[in-house]
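Text of the file data.pdb, holding PDB, C-alpha atoms (C1' of nucleotides):
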```
ATOM      1  CA  MET M  28      23.675   2.877 -15.104
ATOM      2  CA  GLY M  29      21.317   2.504 -12.154
ATOM      3  CA  LEU M  30      18.651   4.438 -14.034
ATOM      4  CA  THR M  31      15.291   2.749 -14.574
ATOM      5  CA  LYS M  32      14.167   3.070 -18.189
ATOM      6  CA  THR M  33      10.663   4.307 -17.423
ATOM      7  CA  GLU M  34      10.138   5.289 -21.074
ATOM      8  CA  ASN M  35      10.025   1.605 -22.013
ATOM      9  CA  PHE M  36       6.888   1.003 -19.962
ATOM     10  CA  THR M  37       3.303   2.182 -19.774
ATOM     11  CA  GLN M  38       2.153   4.831 -17.332
ATOM     12  CA  GLU M  39       0.135   2.192 -15.508
ATOM     13  CA  GLN M  40       3.156  -0.067 -15.114
ATOM     14  CA  ASN M  41       5.295   2.788 -13.831
ATOM     15  CA  ALA M  42       2.600   4.001 -11.443
ATOM     16  CA  LEU M  43       1.923   0.581  -9.953
ATOM     17  CA  ALA M  44       5.650  -0.115  -9.622
ATOM     18  CA  SER M  45       6.105   3.203  -7.867
ATOM     19  CA  VAL M  46       3.585   2.314  -5.156
ATOM     20  CA  ALA M  47       4.889  -1.226  -4.743
ATOM     21  CA  LYS M  48       8.394   0.161  -4.373
ATOM     22  CA  VAL M  49       7.294   2.437  -1.537
ATOM     23  CA  ILE M  50       5.530  -0.458   0.198
ATOM     24  CA  GLY M  51       8.673  -2.519  -0.407
ATOM     25  CA  HIS M  52      10.511  -1.457   2.727
ATOM     26  CA  PRO M  53       9.899  -3.062   6.128
ATOM     27  CA  ALA M  54      10.090   0.270   7.961
ATOM     28  CA  ARG M  55       7.333   1.706   5.804
ATOM     29  CA  ILE M  56       5.169  -1.373   6.298
ATOM     30  CA  ALA M  57       5.748  -1.067  10.043
ATOM     31  CA  ILE M  58       4.810   2.617   9.889
ATOM     32  CA  LEU M  59       1.646   1.856   7.945
ATOM     33  CA  GLU M  60       0.650  -0.896  10.353
ATOM     34  CA  HIS M  61       1.278   1.394  13.298
ATOM     35  CA  ILE M  62      -0.805   4.209  11.833
ATOM     36  CA  ILE M  63      -3.625   1.784  11.095
ATOM     37  CA  LYS M  64      -3.482   0.147  14.514
ATOM     38  CA  SER M  65      -3.349   3.279  16.625
ATOM     39  CA  GLN M  66      -6.515   4.867  15.370
ATOM     40  CA  SER M  67      -5.625   8.154  17.038
ATOM     41  CA  CYS M  68      -3.235   9.007  14.175
ATOM     42  CA  VAL M  69      -0.203   9.396  16.356
ATOM     43  CA  CYS M  70       2.816  11.001  14.840
ATOM     44  CA  GLY M  71       6.025  11.196  16.854
ATOM     45  CA  SER M  72       5.080   7.952  18.558
ATOM     46  CA  ILE M  73       6.235   6.181  15.403
ATOM     47  CA  VAL M  74       9.812   7.091  16.247
ATOM     48  CA  ASP M  75       9.450   5.440  19.672
ATOM     49  CA  GLU M  76       7.735   2.369  18.217
ATOM     50  CA  ILE M  77      10.313   1.716  15.483
ATOM     51  CA  GLY M  78      14.005   1.896  16.362
ATOM     52  CA  LEU M  79      15.056   4.367  13.709
ATOM     53  CA  ALA M  80      16.213   7.982  13.956
ATOM     54  CA  GLN M  81      13.625  10.741  13.770
ATOM     55  CA  SER M  82      15.019  12.044  10.494
ATOM     56  CA  THR M  83      14.820   8.595   8.942
ATOM     57  CA  ILE M  84      11.183   8.153   9.947
ATOM     58  CA  SER M  85      10.401  11.593   8.593
ATOM     59  CA  GLN M  86      11.858  10.600   5.231
ATOM     60  CA  HIS M  87       9.826   7.375   5.115
ATOM     61  CA  LEU M  88       6.673   9.332   5.975
ATOM     62  CA  ALA M  89       7.454  11.712   3.121
ATOM     63  CA  GLU M  90       7.713   8.784   0.686
ATOM     64  CA  LEU M  91       4.402   7.355   1.856
ATOM     65  CA  LYS M  92       2.831  10.789   1.488
ATOM     66  CA  ARG M  93       4.353  11.294  -1.963
ATOM     67  CA  VAL M  94       2.505   8.330  -3.478
ATOM     68  CA  GLY M  95      -0.670   9.180  -1.586
ATOM     69  CA  LEU M  96      -0.819   6.246   0.813
ATOM     70  CA  ILE M  97      -1.045   8.559   3.821
ATOM     71  CA  GLN M  98      -1.812  12.173   4.508
ATOM     72  CA  GLY M  99      -0.724  14.468   7.305
ATOM     73  CA  THR M 100      -2.407  17.351   9.044
ATOM     74  CA  ILE M 101      -0.587  19.826  11.253
ATOM     75  CA  GLU M 102      -1.988  19.937  14.764
ATOM     76  CA  GLY M 103      -0.097  22.445  16.821
ATOM     77  CA  THR M 104       3.495  21.298  17.143
ATOM     78  CA  SER M 105       2.784  17.780  15.963
ATOM     79  CA  VAL M 106       1.526  16.265  12.720
ATOM     80  CA  CYS M 107      -1.350  13.828  12.534
ATOM     81  CA  TYR M 108      -0.883  11.094   9.951
ATOM     82  CA  CYS M 109      -3.518   8.722   8.668
ATOM     83  CA  VAL M 110      -4.177   6.549   5.665
ATOM     84  CA  ASN M 111      -5.832   7.931   2.563
ATOM     85  CA  VAL M 112      -8.705   5.497   2.112
ATOM     86  CA  GLU M 113      -9.487   6.487  -1.478
ATOM     87  CA  THR M 114      -5.932   5.906  -2.646
ATOM     88  CA  TRP M 115      -5.813   2.556  -0.856
ATOM     89  CA  GLU M 116      -8.997   1.391  -2.561
ATOM     90  CA  SER M 117      -7.499   2.284  -5.912
ATOM     91  CA  PHE M 118      -4.227   0.459  -5.250
ATOM     92  CA  LYS M 119      -6.041  -2.542  -3.841
ATOM     93  CA  ASN M 120      -7.955  -2.845  -7.111
ATOM     94  CA  GLN M 121      -4.852  -2.465  -9.264
ATOM     95  CA  PHE M 122      -2.913  -5.086  -7.321
ATOM     96  CA  ASN M 123      -5.820  -7.501  -7.287
ATOM     97  CA  THR M 124      -6.266  -7.142 -11.041
ATOM     98  CA  LEU M 125      -2.680  -8.286 -11.452
ATOM     99  CA  PHE M 126      -2.964 -10.985  -8.791
ATOM    100  CA  ASP M 127      -6.203 -12.394 -10.169
ATOM    101  CA  SER M 128      -5.047 -12.468 -13.775
ATOM    102  CA  ALA M 129      -1.979 -14.382 -12.628
ATOM    103  CA  ILE M 130      -3.959 -16.852 -10.576
ATOM    104  CA  LYS M 131      -6.367 -17.493 -13.445
ATOM    105  CA  GLY M 132      -3.456 -18.120 -15.814
ATOM    106  CA  ILE M 133      -2.515 -21.584 -16.959
ATOM    107  CA  GLU M 134       0.259 -23.142 -14.949
ATOM    108  CA  CYS M 135       2.234 -24.774 -17.682
ATOM    109  CA  CYS M 136       5.594 -25.808 -16.295
TER     110      CYS M 136
ATOM    111  CA  MET S 155      24.514   3.691   5.256
ATOM    112  CA  GLY S 156      22.233   2.235   2.572
ATOM    113  CA  LEU S 157      21.657  -0.826   4.694
ATOM    114  CA  THR S 158      18.093  -1.677   5.673
ATOM    115  CA  LYS S 159      17.826  -2.478   9.382
ATOM    116  CA  THR S 160      15.900  -5.718   8.965
ATOM    117  CA  GLU S 161      16.513  -6.669  12.585
ATOM    118  CA  ASN S 162      14.161  -3.888  13.687
ATOM    119  CA  PHE S 163      11.175  -5.511  12.006
ATOM    120  CA  THR S 164       9.182  -8.716  12.152
ATOM    121  CA  GLN S 165       9.750 -11.575   9.747
ATOM    122  CA  GLU S 166       6.337 -10.915   8.243
ATOM    123  CA  GLN S 167       7.133  -7.274   7.615
ATOM    124  CA  ASN S 168      10.464  -8.128   6.013
ATOM    125  CA  ALA S 169       8.950 -10.868   3.870
ATOM    126  CA  LEU S 170       6.082  -8.747   2.589
ATOM    127  CA  ALA S 171       8.436  -5.835   1.902
ATOM    128  CA  SER S 172      10.719  -8.159  -0.009
ATOM    129  CA  VAL S 173       7.959  -9.193  -2.418
ATOM    130  CA  ALA S 174       6.630  -5.660  -2.808
ATOM    131  CA  LYS S 175      10.132  -4.488  -3.607
ATOM    132  CA  VAL S 176      10.464  -7.038  -6.399
ATOM    133  CA  ILE S 177       7.091  -6.021  -7.830
ATOM    134  CA  GLY S 178       8.211  -2.412  -7.484
ATOM    135  CA  HIS S 179       9.952  -2.160 -10.837
ATOM    136  CA  PRO S 180       8.111  -1.465 -14.085
ATOM    137  CA  ALA S 181      10.212  -3.959 -16.045
ATOM    138  CA  ARG S 182       9.260  -6.746 -13.668
ATOM    139  CA  ILE S 183       5.591  -5.791 -13.813
ATOM    140  CA  ALA S 184       5.839  -5.802 -17.615
ATOM    141  CA  ILE S 185       7.529  -9.221 -17.512
ATOM    142  CA  LEU S 186       4.829 -10.603 -15.210
ATOM    143  CA  GLU S 187       2.046  -9.232 -17.411
ATOM    144  CA  HIS S 188       3.697 -10.690 -20.486
ATOM    145  CA  ILE S 189       4.088 -14.125 -18.931
ATOM    146  CA  ILE S 190       0.455 -14.054 -17.806
ATOM    147  CA  LYS S 191      -0.839 -12.848 -21.161
ATOM    148  CA  SER S 192       1.072 -15.246 -23.405
ATOM    149  CA  GLN S 193      -0.189 -18.450 -21.895
ATOM    150  CA  SER S 194       2.406 -20.474 -23.761
ATOM    151  CA  CYS S 195       5.060 -19.467 -21.208
ATOM    152  CA  VAL S 196       7.416 -17.938 -23.706
ATOM    153  CA  CYS S 197      10.887 -17.104 -22.506
ATOM    154  CA  GLY S 198      13.246 -15.283 -24.861
ATOM    155  CA  SER S 199      10.278 -13.473 -26.338
ATOM    156  CA  ILE S 200      10.322 -11.247 -23.272
ATOM    157  CA  VAL S 201      13.547  -9.687 -24.511
ATOM    158  CA  ASP S 202      11.864  -8.768 -27.808
ATOM    159  CA  GLU S 203       8.731  -7.484 -26.092
ATOM    160  CA  ILE S 204      10.536  -5.227 -23.615
ATOM    161  CA  GLY S 205      13.349  -3.026 -24.870
ATOM    162  CA  LEU S 206      16.028  -4.134 -22.428
ATOM    163  CA  ALA S 207      19.189  -6.156 -22.912
ATOM    164  CA  GLN S 208      19.042  -9.922 -22.563
ATOM    165  CA  SER S 209      21.265  -9.892 -19.499
ATOM    166  CA  THR S 210      19.054  -7.320 -17.823
ATOM    167  CA  ILE S 211      15.899  -9.361 -18.429
ATOM    168  CA  SER S 212      17.658 -12.423 -17.120
ATOM    169  CA  GLN S 213      18.475 -10.596 -13.892
ATOM    170  CA  HIS S 214      14.885  -9.442 -13.451
ATOM    171  CA  LEU S 215      13.672 -12.995 -14.046
ATOM    172  CA  ALA S 216      16.091 -14.211 -11.381
ATOM    173  CA  GLU S 217      14.644 -11.702  -8.882
ATOM    174  CA  LEU S 218      11.090 -12.788  -9.655
ATOM    175  CA  LYS S 219      12.148 -16.396  -9.251
ATOM    176  CA  ARG S 220      13.985 -15.669  -6.010
ATOM    177  CA  VAL S 221      10.823 -14.529  -4.212
ATOM    178  CA  GLY S 222       8.772 -17.302  -5.800
ATOM    179  CA  LEU S 223       6.520 -15.261  -8.065
ATOM    180  CA  ILE S 224       7.539 -17.284 -11.113
ATOM    181  CA  GLN S 225       9.215 -20.569 -11.878
ATOM    182  CA  GLY S 226      11.222 -21.725 -14.855
ATOM    183  CA  THR S 227      11.639 -25.086 -16.545
ATOM    184  CA  ILE S 228      14.394 -25.870 -18.986
ATOM    185  CA  GLU S 229      13.063 -26.985 -22.359
ATOM    186  CA  GLY S 230      15.886 -27.724 -24.700
ATOM    187  CA  THR S 231      17.879 -24.565 -25.304
ATOM    188  CA  SER S 232      15.195 -22.285 -23.960
ATOM    189  CA  VAL S 233      13.560 -21.823 -20.559
ATOM    190  CA  CYS S 234       9.817 -21.801 -19.993
ATOM    191  CA  TYR S 235       8.666 -19.331 -17.351
ATOM    192  CA  CYS S 236       5.290 -19.195 -15.713
ATOM    193  CA  VAL S 237       3.672 -17.841 -12.568
ATOM    194  CA  ASN S 238       3.627 -19.838  -9.361
ATOM    195  CA  VAL S 239      -0.060 -19.812  -8.517
ATOM    196  CA  GLU S 240       0.360 -20.924  -4.907
ATOM    197  CA  THR S 241       2.798 -18.129  -4.098
ATOM    198  CA  TRP S 242       0.549 -15.580  -5.751
ATOM    199  CA  GLU S 243      -2.439 -16.672  -3.659
ATOM    200  CA  SER S 244      -0.383 -16.260  -0.528
ATOM    201  CA  PHE S 245       0.838 -12.781  -1.457
ATOM    202  CA  LYS S 246      -2.620 -11.717  -2.525
ATOM    203  CA  ASN S 247      -3.901 -12.595   0.937
ATOM    204  CA  GLN S 248      -1.073 -10.806   2.713
ATOM    205  CA  PHE S 249      -1.509  -7.626   0.696
ATOM    206  CA  ASN S 250      -5.265  -7.653   1.091
ATOM    207  CA  THR S 251      -4.970  -8.091   4.846
ATOM    208  CA  LEU S 252      -2.947  -4.891   4.919
ATOM    209  CA  PHE S 253      -5.189  -3.112   2.421
ATOM    210  CA  ASP S 254      -8.404  -4.069   4.188
ATOM    211  CA  SER S 255      -7.199  -3.140   7.661
ATOM    212  CA  ALA S 256      -6.247   0.269   6.283
ATOM    213  CA  ILE S 257      -9.548   0.815   4.531
ATOM    214  CA  LYS S 258     -11.473  -0.160   7.654
ATOM    215  CA  GLY S 259      -9.409   2.279   9.717
ATOM    216  CA  ILE S 260     -10.826   5.577  10.886
ATOM    217  CA  GLU S 261      -9.935   8.469   8.627
ATOM    218  CA  CYS S 262      -9.236  11.121  11.212
ATOM    219  CA  CYS S 263      -7.521  14.002   9.469
TER     220      CYS S 263
ATOM    221  C1'  DG Q 114      32.917 -32.852 -33.464
ATOM    222  C1'  DC Q 115      31.427 -28.125 -34.934
ATOM    223  C1'  DT Q 116      28.340 -24.324 -34.999
ATOM    224  C1'  DA Q 117      24.313 -21.726 -33.857
ATOM    225  C1'  DT Q 118      21.033 -20.559 -30.354
ATOM    226  C1'  DT Q 119      19.490 -19.608 -25.746
ATOM    227  C1'  DA Q 120      20.009 -18.172 -21.212
ATOM    228  C1'  DA Q 121      22.915 -17.305 -17.057
ATOM    229  C1'  DT Q 122      26.780 -15.081 -14.979
ATOM    230  C1'  DC Q 123      30.595 -11.736 -14.452
ATOM    231  C1'  DG Q 124      32.522  -7.261 -14.293
ATOM    232  C1'  DT Q 125      31.496  -2.470 -14.529
ATOM    233  C1'  DA Q 126      29.740   2.247 -14.355
ATOM    234  C1'  DA Q 127      25.971   5.201 -13.226
ATOM    235  C1'  DT Q 128      22.492   6.191 -10.223
ATOM    236  C1'  DA Q 129      19.321   5.401  -6.169
ATOM    237  C1'  DT Q 130      18.342   4.254  -1.460
ATOM    238  C1'  DT Q 131      19.038   4.023   3.445
ATOM    239  C1'  DG Q 132      20.200   5.981   7.654
ATOM    240  C1'  DC Q 133      22.294   9.239  10.649
ATOM    241  C1'  DG Q 134      23.675  13.620  12.883
ATOM    242  C1'  DA Q 135      23.258  18.385  12.577
ATOM    243  C1'  DT Q 136      20.576  22.063  11.589
ATOM    244  C1'  DA Q 137      16.362  24.593  10.393
ATOM    245  C1'  DT Q 138      11.478  25.629  11.012
ATOM    246  C1'  DA Q 139       7.411  26.296  13.446
ATOM    247  C1'  DA Q 140       4.146  26.360  17.181
ATOM    248  C1'  DC Q 141       3.164  26.196  21.944
ATOM    249  C1'  DG Q 142       3.541  27.630  26.938
ATOM    250  C1'  DA Q 143       5.695  30.222  30.688
TER     251       DA Q 143
ATOM    252  C1'  DT U 125      10.429  37.064  24.318
ATOM    253  C1'  DC U 126      12.554  32.782  25.376
ATOM    254  C1'  DG U 127      12.932  28.057  25.858
ATOM    255  C1'  DT U 128      10.813  23.651  24.738
ATOM    256  C1'  DT U 129       8.911  20.352  21.750
ATOM    257  C1'  DA U 130       7.879  18.363  17.204
ATOM    258  C1'  DT U 131       8.894  17.705  12.569
ATOM    259  C1'  DA U 132      11.307  18.633   8.203
ATOM    260  C1'  DT U 133      15.407  19.306   5.588
ATOM    261  C1'  DC U 134      20.408  19.120   4.478
ATOM    262  C1'  DG U 135      24.744  16.912   3.815
ATOM    263  C1'  DC U 136      27.100  12.921   3.942
ATOM    264  C1'  DA U 137      28.816   7.989   3.887
ATOM    265  C1'  DA U 138      27.720   3.223   3.059
ATOM    266  C1'  DT U 139      25.360   0.143   0.446
ATOM    267  C1'  DA U 140      22.002  -1.423  -3.177
ATOM    268  C1'  DT U 141      20.022  -1.331  -7.702
ATOM    269  C1'  DT U 142      19.852  -0.941 -12.660
ATOM    270  C1'  DA U 143      21.612  -1.762 -17.022
ATOM    271  C1'  DC U 144      24.942  -3.082 -20.310
ATOM    272  C1'  DG U 145      28.518  -5.672 -22.924
ATOM    273  C1'  DA U 146      31.333  -9.624 -22.786
ATOM    274  C1'  DT U 147      31.781 -14.124 -21.572
ATOM    275  C1'  DT U 148      30.365 -18.718 -20.236
ATOM    276  C1'  DA U 149      27.546 -22.967 -20.227
ATOM    277  C1'  DA U 150      24.513 -26.001 -22.245
ATOM    278  C1'  DT U 151      21.699 -27.944 -25.779
ATOM    279  C1'  DA U 152      20.128 -28.793 -30.613
ATOM    280  C1'  DG U 153      21.004 -29.723 -35.345
ATOM    281  C1'  DC U 154      24.129 -30.718 -38.970
TER     282       DC U 154
END
```
Encoding of this model in structure tokens:
Amino acid sequence: MGLTKTENFTQEQNALASVAKVIGHPARIAILEHIIKSQSCVCGSIVDEIGLAQSTISQHLAELKRVGLIQGTIEGTSVCYCVNVETWESFKNQFNTLFDSAIKGIECC
Amino acid sequence: MGLTKTENFTQEQNALASVAKVIGHPARIAILEHIIKSQSCVCGSIVDEIGLAQSTISQHLAELKRVGLIQGTIEGTSVCYCVNVETWESFKNQFNTLFDSAIKGIECC
DNA sequence: GCTATTAATCGTAATATTGCGATATAACGA
DNA sequence: TCGTTATATCGCAATATTACGATTAATAGC
């Protein structure tokens, strides 16, 4: 099959899973960390920093943009990427709701 | 290819990605929420709750167990699953470190 | 011992993801 | 205009994931 049965789950479950899935790749975490660290919103520098082909990085950036974790602005020939603070706040809250409810739960075995 | 180049990234990046990836499936989020909600650590009840085959649920449980999010104890013919609080605390901290550094970052475009 | 129940594992088909090279697009400077 | 630079997109091959049914293993109750 290979096809996730999204219809079995709530919109919230699907949405949260979608973001976690995008974060769930080391290259995308490395990209995020690099964007955060280099406050100047560098773009092509990501390709130099991480040892992956330009087309591969471009695809990862597109995934990050798709779920709203980052946004890009065209600046001449290059594109300036940076994090979308509002979206991050929202995801932080959703993850922490799950984390906290788990931590508060009874450890029974 | 289809093969993630883990050697390009740090151990921390790979580890965090690994957990996020496991959380990144709606069925596993639903399983986690169910385990948290039903404090009695029910096991086979997950199959009834979520409309997936028993073998599929078992595989998802194995993934969750693999990264340490849950643990299972054999109780007669059934298995009692519950969250691993220590692991959750650790992941919560790692995710929040990433989230907070992003939110503190300059939004430049 | 036999049978029912529960959960894990195996084998598999369908689909998704990852990564690359090649190509396209788009803007800048000479 | 032409060449250069930067990024996106396409097409492909290799691998991973998802889900299922069938089977196995292990325990409980008779």
Which residue gives the smallest distance to DG153 (chain U) among S:Ser192, S:Thr231, S:Ser244, S:Thr251, with all atoms listed in the file counted? S:Thr231
Explicit residues for the PyMOL selection byres ((chain M) within 9 of (chain U)) (as a list in words):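 What the PyMOL selection byres ((chain M) within 9 of (chain U)) grabs from the file is Met28, Gly29, Leu30, Thr31, Lys32, Gly71, Gln81, Ser82, Ser85, Gln86, Gly103, Thr104, Ser105 and Val106 of chain M.
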Any chance you could tabulate, as a tab-separated table, the residues of chain Q at most 7 Å from chain S with each one's nearest atom pair and distance in Å to one decimal, using all atoms listed in the file, in chain and rising number order?
```
residue	atom	partner	partner_atom	distance
Q:DT119	C1'	S:Thr231	CA	5.2
Q:DA120	C1'	S:Ser232	CA	6.9
Q:DT130	C1'	S:Gly156	CA	6.0
Q:DT131	C1'	S:Gly156	CA	3.8
Q:DG132	C1'	S:Met155	CA	5.4
```
Starting from chain M, keep only residues with some atom at most 8 Å from an atom of chain S, counting all atoms listed in the file, and report them as number ranges by chain. M: 33, 35-36, 40-41, 43-54, 56-57, 60, 63-64, 66-68, 77-78, 98-100, 107-112, 115-116, 119, 123, 125-126, 128-130, 132-136
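If you look at CA of His188 (chain S) and CA of Ile200 (chain S), they are 7.2 Å away from each other.
Here CA of Thr83 (chain M) is placed at a distance of 22.3 Å from C1' of DA140 (chain Q).
You will find CA of Leu218 (chain S) at 20.3 Å from C1' of DA129 (chain Q).
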